[in-house]
file query_10.pdb (PDB, C-alpha atoms and all ligand atoms)
ATOM      1  CA  MET A   8     126.054 192.772 -15.398
ATOM      2  CA  THR A   9     128.458 189.934 -16.197
ATOM      3  CA  GLN A  10     131.069 191.052 -18.687
ATOM      4  CA  LEU A  11     130.211 190.108 -22.264
ATOM      5  CA  ASP A  12     132.354 187.513 -24.059
ATOM      6  CA  LEU A  13     134.527 188.700 -26.926
ATOM      7  CA  HIS A  14     132.462 186.316 -29.078
ATOM      8  CA  TYR A  15     129.635 188.835 -28.798
ATOM      9  CA  THR A  16     131.571 192.107 -28.836
ATOM     10  CA  ASP A  17     134.256 191.658 -31.511
ATOM     11  CA  PRO A  18     132.616 192.200 -34.933
ATOM     12  CA  ARG A  19     135.015 189.730 -36.577
ATOM     13  CA  LEU A  20     133.977 186.940 -34.179
ATOM     14  CA  VAL A  21     130.327 187.979 -34.480
ATOM     15  CA  ASP A  22     130.671 187.267 -38.225
ATOM     16  CA  LEU A  23     131.437 183.629 -37.317
ATOM     17  CA  TYR A  24     128.433 183.124 -35.010
ATOM     18  CA  ASP A  25     125.761 182.037 -37.509
ATOM     19  CA  ILE A  26     128.267 179.839 -39.343
ATOM     20  CA  GLU A  27     129.101 178.019 -36.106
ATOM     21  CA  ASN A  28     125.486 177.948 -34.930
ATOM     22  CA  PRO A  29     123.212 177.181 -37.889
ATOM     23  CA  PRO A  30     119.460 176.564 -37.453
ATOM     24  CA  GLY A  31     118.651 173.169 -35.934
ATOM     25  CA  PRO A  32     115.815 171.337 -34.183
ATOM     26  CA  ASP A  33     115.844 174.041 -31.487
ATOM     27  CA  PHE A  34     114.521 176.511 -34.071
ATOM     28  CA  ASP A  35     111.686 174.093 -34.958
ATOM     29  CA  PHE A  36     110.864 173.659 -31.269
ATOM     30  CA  PHE A  37     110.599 177.387 -30.533
ATOM     31  CA  ARG A  38     108.690 178.145 -33.764
ATOM     32  CA  GLN A  39     106.181 175.374 -33.000
ATOM     33  CA  LEU A  40     105.839 176.530 -29.400
ATOM     34  CA  ALA A  41     105.053 180.072 -30.549
ATOM     35  CA  GLU A  42     102.384 178.683 -32.879
ATOM     36  CA  ALA A  43     100.902 176.318 -30.282
ATOM     37  CA  LEU A  44     100.611 179.193 -27.803
ATOM     38  CA  GLN A  45      99.264 181.494 -30.528
ATOM     39  CA  ALA A  46     101.826 184.024 -29.376
ATOM     40  CA  GLN A  47     101.276 187.353 -31.111
ATOM     41  CA  HIS A  48     103.842 189.300 -29.129
ATOM     42  CA  ILE A  49     107.216 187.604 -28.629
ATOM     43  CA  VAL A  50     110.342 188.897 -26.899
ATOM     44  CA  ASP A  51     113.667 187.165 -27.615
ATOM     45  CA  LEU A  52     116.027 188.015 -24.741
ATOM     46  CA  GLY A  53     119.693 187.537 -25.650
ATOM     47  CA  CYS A  54     118.658 187.410 -29.307
ATOM     48  CA  GLY A  55     122.245 187.704 -30.574
ATOM     49  CA  THR A  56     122.461 187.757 -34.368
ATOM     50  CA  GLY A  57     118.683 187.309 -34.510
ATOM     51  CA  LEU A  58     118.590 184.319 -36.861
ATOM     52  CA  LEU A  59     115.616 182.787 -35.013
ATOM     53  CA  THR A  60     114.177 186.175 -34.012
ATOM     54  CA  ARG A  61     113.683 187.096 -37.666
ATOM     55  CA  GLN A  62     112.123 183.713 -38.452
ATOM     56  CA  LEU A  63     109.595 184.265 -35.662
ATOM     57  CA  ALA A  64     108.580 187.643 -37.054
ATOM     58  CA  VAL A  65     105.883 186.404 -39.426
ATOM     59  CA  ASP A  66     102.144 186.897 -39.929
ATOM     60  CA  GLY A  67     101.801 190.255 -38.272
ATOM     61  CA  ARG A  68     103.394 189.150 -35.017
ATOM     62  CA  ALA A  69     105.144 191.779 -32.908
ATOM     63  CA  VAL A  70     108.654 190.472 -32.230
ATOM     64  CA  THR A  71     111.300 192.225 -30.163
ATOM     65  CA  GLY A  72     114.948 191.168 -29.985
ATOM     66  CA  VAL A  73     116.891 192.334 -26.923
ATOM     67  CA  ASP A  74     120.634 191.925 -26.463
ATOM     68  CA  PRO A  75     123.326 193.889 -24.591
ATOM     69  CA  ALA A  76     125.997 193.217 -27.233
ATOM     70  CA  ALA A  77     126.024 196.113 -29.716
ATOM     71  CA  ALA A  78     128.042 194.129 -32.272
ATOM     72  CA  MET A  79     125.555 191.226 -32.238
ATOM     73  CA  LEU A  80     122.647 193.655 -32.710
ATOM     74  CA  ALA A  81     124.470 195.539 -35.483
ATOM     75  CA  TYR A  82     124.890 192.228 -37.324
ATOM     76  CA  ALA A  83     121.217 191.322 -36.685
ATOM     77  CA  ARG A  84     120.024 194.687 -38.020
ATOM     78  CA  ARG A  85     121.921 194.154 -41.324
ATOM     79  CA  GLN A  86     120.217 190.833 -42.151
ATOM     80  CA  PRO A  87     117.269 190.354 -44.537
ATOM     81  CA  GLY A  88     113.955 190.635 -42.672
ATOM     82  CA  ALA A  89     115.517 192.652 -39.840
ATOM     83  CA  GLU A  90     112.960 195.400 -40.423
ATOM     84  CA  ARG A  91     110.199 193.074 -39.159
ATOM     85  CA  VAL A  92     111.781 193.026 -35.672
ATOM     86  CA  THR A  93     112.124 195.751 -33.026
ATOM     87  CA  TRP A  94     115.723 195.608 -31.765
ATOM     88  CA  ILE A  95     116.667 196.849 -28.305
ATOM     89  CA  GLU A  96     120.218 197.116 -27.016
ATOM     90  CA  GLY A  97     120.134 196.113 -23.358
ATOM     91  CA  ASP A  98     119.534 193.319 -20.902
ATOM     92  CA  SER A  99     116.398 192.351 -18.981
ATOM     93  CA  TYR A 100     116.277 195.819 -17.360
ATOM     94  CA  ALA A 101     115.274 197.104 -20.819
ATOM     95  CA  LEU A 102     112.272 194.790 -21.182
ATOM     96  CA  GLY A 103     109.684 197.041 -19.557
ATOM     97  CA  THR A 104     106.084 195.842 -19.257
ATOM     98  CA  PRO A 105     104.934 195.118 -22.820
ATOM     99  CA  ALA A 106     102.438 192.345 -21.783
ATOM    100  CA  ALA A 107     104.158 189.860 -24.100
ATOM    101  CA  ASP A 108     102.675 186.414 -24.783
ATOM    102  CA  LEU A 109     106.032 184.653 -24.912
ATOM    103  CA  VAL A 110     109.609 185.404 -23.845
ATOM    104  CA  LEU A 111     112.416 183.204 -25.191
ATOM    105  CA  MET A 112     116.055 182.757 -24.194
ATOM    106  CA  THR A 113     117.580 180.474 -26.821
ATOM    107  CA  SER A 114     120.961 178.748 -27.252
ATOM    108  CA  ASN A 115     121.634 178.492 -23.523
ATOM    109  CA  VAL A 116     121.377 182.228 -22.826
ATOM    110  CA  ALA A 117     120.195 181.180 -19.334
ATOM    111  CA  GLN A 118     123.762 180.039 -18.604
ATOM    112  CA  VAL A 119     125.349 183.478 -19.109
ATOM    113  CA  PHE A 120     123.841 184.676 -15.797
ATOM    114  CA  LEU A 121     126.658 183.655 -13.491
ATOM    115  CA  ASP A 122     125.316 185.091 -10.231
ATOM    116  CA  ASP A 123     122.092 183.935  -8.639
ATOM    117  CA  ASP A 124     121.054 187.537  -7.937
ATOM    118  CA  GLU A 125     121.456 188.415 -11.618
ATOM    119  CA  TRP A 126     119.472 185.311 -12.653
ATOM    120  CA  ALA A 127     116.711 186.090 -10.134
ATOM    121  CA  ALA A 128     116.491 189.704 -11.349
ATOM    122  CA  THR A 129     116.305 188.525 -14.962
ATOM    123  CA  LEU A 130     113.413 186.182 -14.145
ATOM    124  CA  ARG A 131     111.604 188.966 -12.272
ATOM    125  CA  HIS A 132     111.981 191.303 -15.251
ATOM    126  CA  ILE A 133     110.717 188.617 -17.631
ATOM    127  CA  HIS A 134     107.742 188.025 -15.335
ATOM    128  CA  ALA A 135     106.941 191.747 -15.488
ATOM    129  CA  ALA A 136     107.288 191.737 -19.289
ATOM    130  CA  LEU A 137     104.730 188.942 -19.761
ATOM    131  CA  ARG A 138     100.964 189.195 -19.593
ATOM    132  CA  PRO A 139      99.355 187.028 -16.897
ATOM    133  CA  GLY A 140      99.240 183.506 -18.383
ATOM    134  CA  GLY A 141     102.103 184.332 -20.786
ATOM    135  CA  HIS A 142     105.022 181.916 -21.164
ATOM    136  CA  LEU A 143     108.800 181.834 -20.814
ATOM    137  CA  ALA A 144     110.811 179.145 -22.643
ATOM    138  CA  PHE A 145     114.535 178.438 -22.594
ATOM    139  CA  GLU A 146     117.024 175.614 -22.474
ATOM    140  CA  SER A 147     120.023 175.043 -20.232
ATOM    141  CA  ARG A 148     122.620 172.263 -20.214
ATOM    142  CA  ASN A 149     122.054 169.672 -17.508
ATOM    143  CA  PRO A 150     125.006 169.763 -15.063
ATOM    144  CA  ALA A 151     124.480 166.044 -14.314
ATOM    145  CA  ASP A 152     125.642 165.326 -17.876
ATOM    146  CA  ARG A 153     128.960 167.166 -17.260
ATOM    147  CA  ALA A 154     129.186 168.257 -20.931
ATOM    148  CA  TRP A 155     132.355 170.243 -20.229
ATOM    149  CA  GLU A 156     134.248 167.004 -19.645
ATOM    150  CA  ARG A 157     133.768 166.326 -23.366
ATOM    151  CA  TRP A 158     135.000 169.797 -24.369
ATOM    152  CA  ASN A 159     138.587 169.410 -25.514
ATOM    153  CA  PRO A 160     140.582 170.476 -28.583
ATOM    154  CA  GLU A 161     139.976 167.169 -30.396
ATOM    155  CA  THR A 162     136.219 166.795 -29.841
ATOM    156  CA  THR A 163     135.369 170.452 -30.449
ATOM    157  CA  LEU A 164     137.615 171.126 -33.452
ATOM    158  CA  ALA A 165     135.719 172.771 -36.330
ATOM    159  CA  ARG A 166     136.934 174.219 -39.616
ATOM    160  CA  LEU A 167     134.815 177.077 -40.901
ATOM    161  CA  GLU A 168     134.713 178.941 -44.211
ATOM    162  CA  THR A 169     134.078 182.549 -43.221
ATOM    163  CA  PRO A 170     134.135 186.078 -44.702
ATOM    164  CA  HIS A 171     137.548 186.343 -42.993
ATOM    165  CA  GLY A 172     138.906 183.229 -44.720
ATOM    166  CA  PRO A 173     139.184 179.746 -43.225
ATOM    167  CA  VAL A 174     138.998 179.651 -39.430
ATOM    168  CA  GLU A 175     139.743 176.740 -37.104
ATOM    169  CA  THR A 176     137.936 176.781 -33.759
ATOM    170  CA  TRP A 177     138.217 174.628 -30.640
ATOM    171  CA  LEU A 178     137.592 174.747 -26.901
ATOM    172  CA  GLU A 179     139.690 173.983 -23.839
ATOM    173  CA  VAL A 180     138.327 173.876 -20.308
ATOM    174  CA  VAL A 181     140.291 175.858 -17.753
ATOM    175  CA  GLY A 182     138.460 174.842 -14.599
ATOM    176  CA  GLU A 183     135.185 174.099 -12.889
ATOM    177  CA  ALA A 184     133.970 175.280  -9.487
ATOM    178  CA  ASN A 185     130.687 176.208  -7.789
ATOM    179  CA  GLY A 186     128.528 175.381 -10.788
ATOM    180  CA  ARG A 187     130.660 177.537 -13.082
ATOM    181  CA  VAL A 188     132.751 176.208 -15.946
ATOM    182  CA  HIS A 189     135.607 178.386 -17.207
ATOM    183  CA  PHE A 190     136.892 177.684 -20.696
ATOM    184  CA  ARG A 191     138.727 179.245 -23.623
ATOM    185  CA  GLY A 192     137.581 179.332 -27.217
ATOM    186  CA  HIS A 193     140.359 179.438 -29.807
ATOM    187  CA  ASN A 194     139.758 180.992 -33.225
ATOM    188  CA  ILE A 195     142.678 180.551 -35.591
ATOM    189  CA  PHE A 196     142.398 182.757 -38.678
ATOM    190  CA  LYS A 197     144.286 180.578 -41.151
ATOM    191  CA  ASN A 198     145.155 183.401 -43.569
ATOM    192  CA  THR A 199     147.249 185.187 -40.934
ATOM    193  CA  GLY A 200     147.811 182.427 -38.349
ATOM    194  CA  GLU A 201     146.373 184.670 -35.638
ATOM    195  CA  ASP A 202     144.668 182.870 -32.734
ATOM    196  CA  GLU A 203     141.982 185.036 -31.143
ATOM    197  CA  VAL A 204     141.354 183.500 -27.738
ATOM    198  CA  VAL A 205     138.079 184.105 -25.925
ATOM    199  CA  ALA A 206     137.745 183.489 -22.190
ATOM    200  CA  SER A 207     134.236 182.390 -21.191
ATOM    201  CA  THR A 208     132.359 181.211 -18.143
ATOM    202  CA  LEU A 209     129.007 179.454 -18.084
ATOM    203  CA  ARG A 210     126.810 178.684 -15.103
ATOM    204  CA  PHE A 211     125.333 175.198 -14.907
ATOM    205  CA  ARG A 212     122.175 175.178 -12.753
ATOM    206  CA  SER A 213     120.383 171.952 -11.928
ATOM    207  CA  HIS A 214     116.777 171.083 -12.718
ATOM    208  CA  ALA A 215     115.905 171.672  -9.054
ATOM    209  CA  GLU A 216     117.718 175.036  -8.903
ATOM    210  CA  ILE A 217     116.066 176.357 -12.058
ATOM    211  CA  SER A 218     112.618 175.094 -11.031
ATOM    212  CA  ALA A 219     112.933 176.762  -7.620
ATOM    213  CA  SER A 220     114.122 180.052  -9.125
ATOM    214  CA  LEU A 221     111.181 180.073 -11.549
ATOM    215  CA  ARG A 222     108.682 179.471  -8.745
ATOM    216  CA  GLU A 223     110.354 182.186  -6.655
ATOM    217  CA  ALA A 224     109.897 184.661  -9.536
ATOM    218  CA  GLY A 225     106.184 183.853  -9.840
ATOM    219  CA  PHE A 226     106.145 181.197 -12.565
ATOM    220  CA  THR A 227     104.573 177.746 -12.729
ATOM    221  CA  VAL A 228     106.801 175.202 -14.459
ATOM    222  CA  ALA A 229     104.440 173.917 -17.135
ATOM    223  CA  GLN A 230     106.815 171.451 -18.789
ATOM    224  CA  VAL A 231     110.440 170.353 -18.799
ATOM    225  CA  TYR A 232     111.627 168.478 -21.873
ATOM    226  CA  GLY A 233     114.874 166.565 -22.259
ATOM    227  CA  SER A 234     115.092 166.856 -26.032
ATOM    228  CA  TRP A 235     113.921 169.053 -28.883
ATOM    229  CA  GLU A 236     111.630 166.152 -29.868
ATOM    230  CA  LYS A 237     109.758 166.822 -26.606
ATOM    231  CA  ARG A 238     110.680 163.723 -24.655
ATOM    232  CA  LEU A 239     109.993 164.479 -21.007
ATOM    233  CA  PHE A 240     113.126 165.372 -19.040
ATOM    234  CA  GLU A 241     115.037 162.580 -17.269
ATOM    235  CA  GLU A 242     117.950 163.184 -14.906
ATOM    236  CA  THR A 243     120.535 161.849 -17.393
ATOM    237  CA  ASN A 244     119.483 164.048 -20.329
ATOM    238  CA  ARG A 245     121.985 166.480 -21.815
ATOM    239  CA  MET A 246     119.629 169.410 -21.772
ATOM    240  CA  MET A 247     116.646 170.780 -19.937
ATOM    241  CA  ILE A 248     114.068 172.748 -21.913
ATOM    242  CA  PHE A 249     111.827 174.712 -19.571
ATOM    243  CA  VAL A 250     108.402 176.055 -20.473
ATOM    244  CA  ALA A 251     107.054 178.152 -17.597
ATOM    245  CA  ARG A 252     103.814 180.088 -17.248
ATOM    246  CA  ARG A 253     103.481 183.450 -15.560
ATOM    247  CA  ASP A 254     101.057 183.083 -12.643
TER     248      ASP A 254
HETATM  249  C1  LIG B   1     124.921 181.933 -27.106
HETATM  250  S1  LIG B   1     124.373 183.519 -27.605
HETATM  251  C2  LIG B   1     122.694 183.153 -28.065
HETATM  252  C3  LIG B   1     122.158 184.061 -29.140
HETATM  253  C4  LIG B   1     120.780 183.692 -29.688
HETATM  254  N1  LIG B   1     119.782 183.622 -28.642
HETATM  255  C5  LIG B   1     120.815 182.400 -30.460
HETATM  256  O1  LIG B   1     119.918 181.563 -30.280
HETATM  257  O2  LIG B   1     121.701 182.223 -31.297
HETATM  258  C6  LIG B   1     124.204 184.359 -26.057
HETATM  259  C7  LIG B   1     123.689 185.784 -26.175
HETATM  260  O3  LIG B   1     123.379 186.247 -24.867
HETATM  261  C8  LIG B   1     123.701 187.627 -24.819
HETATM  262  N2  LIG B   1     123.837 188.041 -23.425
HETATM  263  C9  LIG B   1     124.949 188.094 -22.667
HETATM  264  N3  LIG B   1     124.671 188.597 -21.461
HETATM  265  C10 LIG B   1     123.341 188.881 -21.449
HETATM  266  C11 LIG B   1     122.439 189.428 -20.486
HETATM  267  N4  LIG B   1     122.845 189.787 -19.271
HETATM  268  N5  LIG B   1     121.150 189.581 -20.842
HETATM  269  C12 LIG B   1     120.714 189.215 -22.055
HETATM  270  N6  LIG B   1     121.510 188.671 -23.008
HETATM  271  C13 LIG B   1     122.803 188.519 -22.703
HETATM  272  C14 LIG B   1     124.985 187.713 -25.621
HETATM  273  O4  LIG B   1     125.257 189.043 -26.016
HETATM  274  C15 LIG B   1     124.689 186.758 -26.768
HETATM  275  O5  LIG B   1     124.138 187.428 -27.866
END
call {"tool": "encode", "arguments": {"input": "query_10.pdb", "output": "structure tokens"}}
result
Amino acid sequence: MTQLDLHYTDPRLVDLYDIENPPGPDFDFFRQLAEALQAQHIVDLGCGTGLLTRQLAVDGRAVTGVDPAAAMLAYARRQPGAERVTWIEGDSYALGTPAADLVLMTSNVAQVFLDDDEWAATLRHIHAALRPGGHLAFESRNPADRAWERWNPETTLARLETPHGPVETWLEVVGEANGRVHFRGHNIFKNTGEDEVVASTLRFRSHAEISASLREAGFTVAQVYGSWEKRLFEETNRMMIFVARRD
């Protein structure tokens, strides 16, 4: 498995995650999708701190959050409503065959799978975890938009109020090759001046690559949106939101 980013393994950085990534239109999209599909059994793969996972766990639904980062899961388990979710520490190998109605990978989890073999195995495991006719939904940044070219200290600078005092965060790109973008996230804890630097890599797969990998794993691509407002995907869109159905 690809090594986990410090963002997900260092409890102090985990405490910043929900502050940096508050609920947005993505949450509305996935909640509405779950309702439209009448999904009673949902698996959130790469659930992280579980902010959305807990919101999905309503009305007697069975919701499972799966993540390999122990610190993210420990945070998730401490939050209000955590008892409504089954939490599993692991990656897609831990999914099993629960005949789920819907599997989600939210906030670009699809981009953490750097190798094609790892991505293909993940899709196969998700396929096995769904009931026939069940759905997989996730988003991934469109490489044609070259988002990383906009990631620099000025455009990404954020000042956060956190349990660890004020923190300044920003990104710098280190390099790009073979569909992988390497970058560093800086986290300056203002009370001490310490800069905790996190090295990350994300994989940018194209619409065609993702569609082919889904078909290969036994899915039909039901829909690809280019925005959370459900505009159909166009080549210039920043993101690709895939909804695929298990054959
Ligand atoms: C950007 S966070 C997204 C968290 C959450 N889905 C959200 O919407 O906020 C990426 C998550 O993917 C998890 N992750 C990393 N490698 C993974 C893998 N091989 N399988 C599943 N999840 C993984 C990380 O631990 C982290 O919690």
call {"tool": "closest_residue", "arguments": {"input": "query_10.pdb", "among": "A:Val50, A:Met79, A:Val21, A:Val65", "to": "ligand LIG 1 (chain B)", "atoms": "all atoms listed in the file"}}
result
A:Met79
call {"tool": "resolve_selection", "arguments": {"input": "query_10.pdb", "expression": "the PyMOL selection byres (((not hetatm)) within 7 of (chain B and resi 1))", "output": "VMD selection string"}}
result
chain A and resid 8 to 9 11 15 28 52 to 59 73 to 76 79 98 to 99 112 to 116 119 to 120
call {"tool": "closest_residue", "arguments": {"input": "query_10.pdb", "among": "A:Asp22, A:Asp35, A:Glu27, A:Asp122", "to": "Tyr82 of chain A", "atoms": "only C-alpha atoms"}}
result
A:Asp22
call {"tool": "atom_distance", "arguments": {"input": "query_10.pdb", "atom1": "atom CA of Leu23 of chain A", "atom2": "atom CA of Leu80 of chain A"}}
result
14.1 Å
call {"tool": "axis_aligned_box", "arguments": {"input": "query_10.pdb", "around": "segment 27-36 of chain A", "padding_each_side": "3 Å", "output": "JSON"}}
result
{"center_x": 120.0, "center_y": 174.7, "center_z": -34.6, "size_x": 24.2, "size_y": 12.7, "size_z": 12.6}
call {"tool": "atom_distance", "arguments": {"input": "query_10.pdb", "atom1": "atom CA of Gly67 of chain A", "atom2": "atom CA of Gly31 of chain A"}}
result
24.1 Å
call {"tool": "residues_around", "arguments": {"input": "query_10.pdb", "residues": "segment 36-45 of chain A", "least_positions_apart": "6", "cutoff": "8 Å", "atoms": "only C-alpha atoms", "output": "PyMOL selection string"}}
result
chain A and resi 63+109+235-236
call {"tool": "resolve_selection", "arguments": {"input": "query_10.pdb", "expression": "the PyMOL selection byres (((chain A and resi 249) around 8) and not hetatm)", "output": "list in words"}}
result
Leu143, Ala144, Phe145, Glu146, Val228, Ala229, Gln230, Val231, Tyr232, Met247, Ile248, Val250 and Ala251 of chain A
call {"tool": "atom_distance", "arguments": {"input": "query_10.pdb", "atom1": "atom CA of Leu130 of chain A", "atom2": "atom CA of Ala101 of chain A"}}
result
12.9 Å
call {"tool": "residues_near_point", "arguments": {"input": "query_10.pdb", "point": "(115.5, 196.6, -16.4)", "cutoff": "10 Å", "atoms": "all atoms listed in the file", "output": "list in words"}}
result
Gly97, Asp98, Ser99, Tyr100, Ala101, Leu102, Gly103, Thr104, Ala128, Thr129, Arg131, His132, Ile133, Ala135 and Ala136 of chain A
call {"tool": "closest_residue", "arguments": {"input": "query_10.pdb", "among": "A:Thr243, A:Ser207, A:Thr93, A:Ser234", "to": "Gly182 of chain A", "atoms": "only C-alpha atoms"}}
result
A:Ser207
call {"tool": "closest_residue", "arguments": {"input": "query_10.pdb", "among": "A:Pro170, A:Gly140, A:Pro105, A:Gly186", "to": "Asp25 of chain A", "atoms": "only C-alpha atoms"}}
result
A:Pro170
call {"tool": "resolve_selection", "arguments": {"input": "query_10.pdb", "expression": "the PyMOL selection byres (((chain A and resi 187-191) around 7) and not hetatm)", "output": "MDAnalysis selection string"}}
result
chainID A and resid 178:186 192:193 204:211
call {"tool": "residues_near_point", "arguments": {"input": "query_10.pdb", "point": "(134.7, 178.8, -45.6)", "cutoff": "12 Å", "atoms": "only C-alpha atoms", "output": "VMD selection string"}}
result
chain A and resid 22 to 23 26 to 27 165 to 175 196 to 198
call {"tool": "build_atoms", "arguments": {"input": "query_10.pdb", "residues": "segment 85-109 of chain A", "atoms": "N, CA and C atoms", "output": "mmCIF file, in the frame of the given file"}}
result
data_model
loop_
_atom_site.group_PDB
_atom_site.id
_atom_site.type_symbol
_atom_site.label_atom_id
_atom_site.label_comp_id
_atom_site.auth_asym_id
_atom_site.auth_seq_id
_atom_site.Cartn_x
_atom_site.Cartn_y
_atom_site.Cartn_z
ATOM 1 N N ARG A 85 121.509 194.140 -39.908
ATOM 2 C CA ARG A 85 121.921 194.154 -41.324
ATOM 3 C C ARG A 85 121.298 193.011 -42.127
ATOM 4 N N GLN A 86 120.658 192.042 -41.449
ATOM 5 C CA GLN A 86 120.217 190.833 -42.151
ATOM 6 C C GLN A 86 118.849 191.033 -42.812
ATOM 7 N N PRO A 87 118.572 190.247 -43.879
ATOM 8 C CA PRO A 87 117.269 190.354 -44.537
ATOM 9 C C PRO A 87 116.141 190.054 -43.550
ATOM 10 N N GLY A 88 115.099 190.855 -43.570
ATOM 11 C CA GLY A 88 113.955 190.635 -42.672
ATOM 12 C C GLY A 88 114.118 191.334 -41.339
ATOM 13 N N ALA A 89 115.264 191.998 -41.135
ATOM 14 C CA ALA A 89 115.517 192.652 -39.840
ATOM 15 C C ALA A 89 114.474 193.725 -39.550
ATOM 16 N N GLU A 90 113.907 194.302 -40.626
ATOM 17 C CA GLU A 90 112.960 195.400 -40.423
ATOM 18 C C GLU A 90 111.645 194.913 -39.784
ATOM 19 N N ARG A 91 111.436 193.601 -39.774
ATOM 20 C CA ARG A 91 110.199 193.074 -39.159
ATOM 21 C C ARG A 91 110.313 192.970 -37.635
ATOM 22 N N VAL A 92 111.528 193.204 -37.114
ATOM 23 C CA VAL A 92 111.781 193.026 -35.672
ATOM 24 C C VAL A 92 112.118 194.385 -35.055
ATOM 25 N N THR A 93 111.677 194.592 -33.805
ATOM 26 C CA THR A 93 112.124 195.751 -33.026
ATOM 27 C C THR A 93 113.348 195.317 -32.232
ATOM 28 N N TRP A 94 114.472 195.997 -32.436
ATOM 29 C CA TRP A 94 115.723 195.608 -31.765
ATOM 30 C C TRP A 94 116.000 196.570 -30.623
ATOM 31 N N ILE A 95 116.349 196.018 -29.468
ATOM 32 C CA ILE A 95 116.667 196.849 -28.305
ATOM 33 C C ILE A 95 118.017 196.435 -27.754
ATOM 34 N N GLU A 96 118.915 197.411 -27.621
ATOM 35 C CA GLU A 96 120.218 197.116 -27.016
ATOM 36 C C GLU A 96 120.072 197.210 -25.500
ATOM 37 N N GLY A 97 120.266 196.104 -24.805
ATOM 38 C CA GLY A 97 120.134 196.113 -23.358
ATOM 39 C C GLY A 97 119.947 194.703 -22.825
ATOM 40 N N ASP A 98 119.811 194.617 -21.516
ATOM 41 C CA ASP A 98 119.534 193.319 -20.902
ATOM 42 C C ASP A 98 118.098 193.331 -20.378
ATOM 43 N N SER A 99 117.799 192.484 -19.409
ATOM 44 C CA SER A 99 116.398 192.351 -18.981
ATOM 45 C C SER A 99 115.851 193.645 -18.384
ATOM 46 N N TYR A 100 116.739 194.534 -17.900
ATOM 47 C CA TYR A 100 116.277 195.819 -17.360
ATOM 48 C C TYR A 100 115.572 196.637 -18.443
ATOM 49 N N ALA A 101 115.862 196.333 -19.715
ATOM 50 C CA ALA A 101 115.274 197.104 -20.819
ATOM 51 C C ALA A 101 113.939 196.536 -21.285
ATOM 52 N N LEU A 102 113.480 195.449 -20.662
ATOM 53 C CA LEU A 102 112.272 194.790 -21.182
ATOM 54 C C LEU A 102 111.010 195.610 -20.976
ATOM 55 N N GLY A 103 110.900 196.278 -19.830
ATOM 56 C CA GLY A 103 109.684 197.041 -19.557
ATOM 57 C C GLY A 103 108.504 196.120 -19.282
ATOM 58 N N THR A 104 107.299 196.617 -19.552
ATOM 59 C CA THR A 104 106.084 195.842 -19.257
ATOM 60 C C THR A 104 105.189 195.756 -20.499
ATOM 61 N N PRO A 105 105.698 195.108 -21.560
ATOM 62 C CA PRO A 105 104.934 195.118 -22.820
ATOM 63 C C PRO A 105 103.782 194.121 -22.886
ATOM 64 N N ALA A 106 103.519 193.355 -21.793
ATOM 65 C CA ALA A 106 102.438 192.345 -21.783
ATOM 66 C C ALA A 106 102.626 191.331 -22.914
ATOM 67 N N ALA A 107 103.844 190.815 -23.044
ATOM 68 C CA ALA A 107 104.158 189.860 -24.100
ATOM 69 C C ALA A 107 103.481 188.519 -23.824
ATOM 70 N N ASP A 108 103.244 187.762 -24.923
ATOM 71 C CA ASP A 108 102.675 186.414 -24.783
ATOM 72 C C ASP A 108 103.765 185.389 -24.484
ATOM 73 N N LEU A 109 104.969 185.655 -24.998
ATOM 74 C CA LEU A 109 106.032 184.653 -24.912
ATOM 75 C C LEU A 109 107.385 185.348 -24.864
#
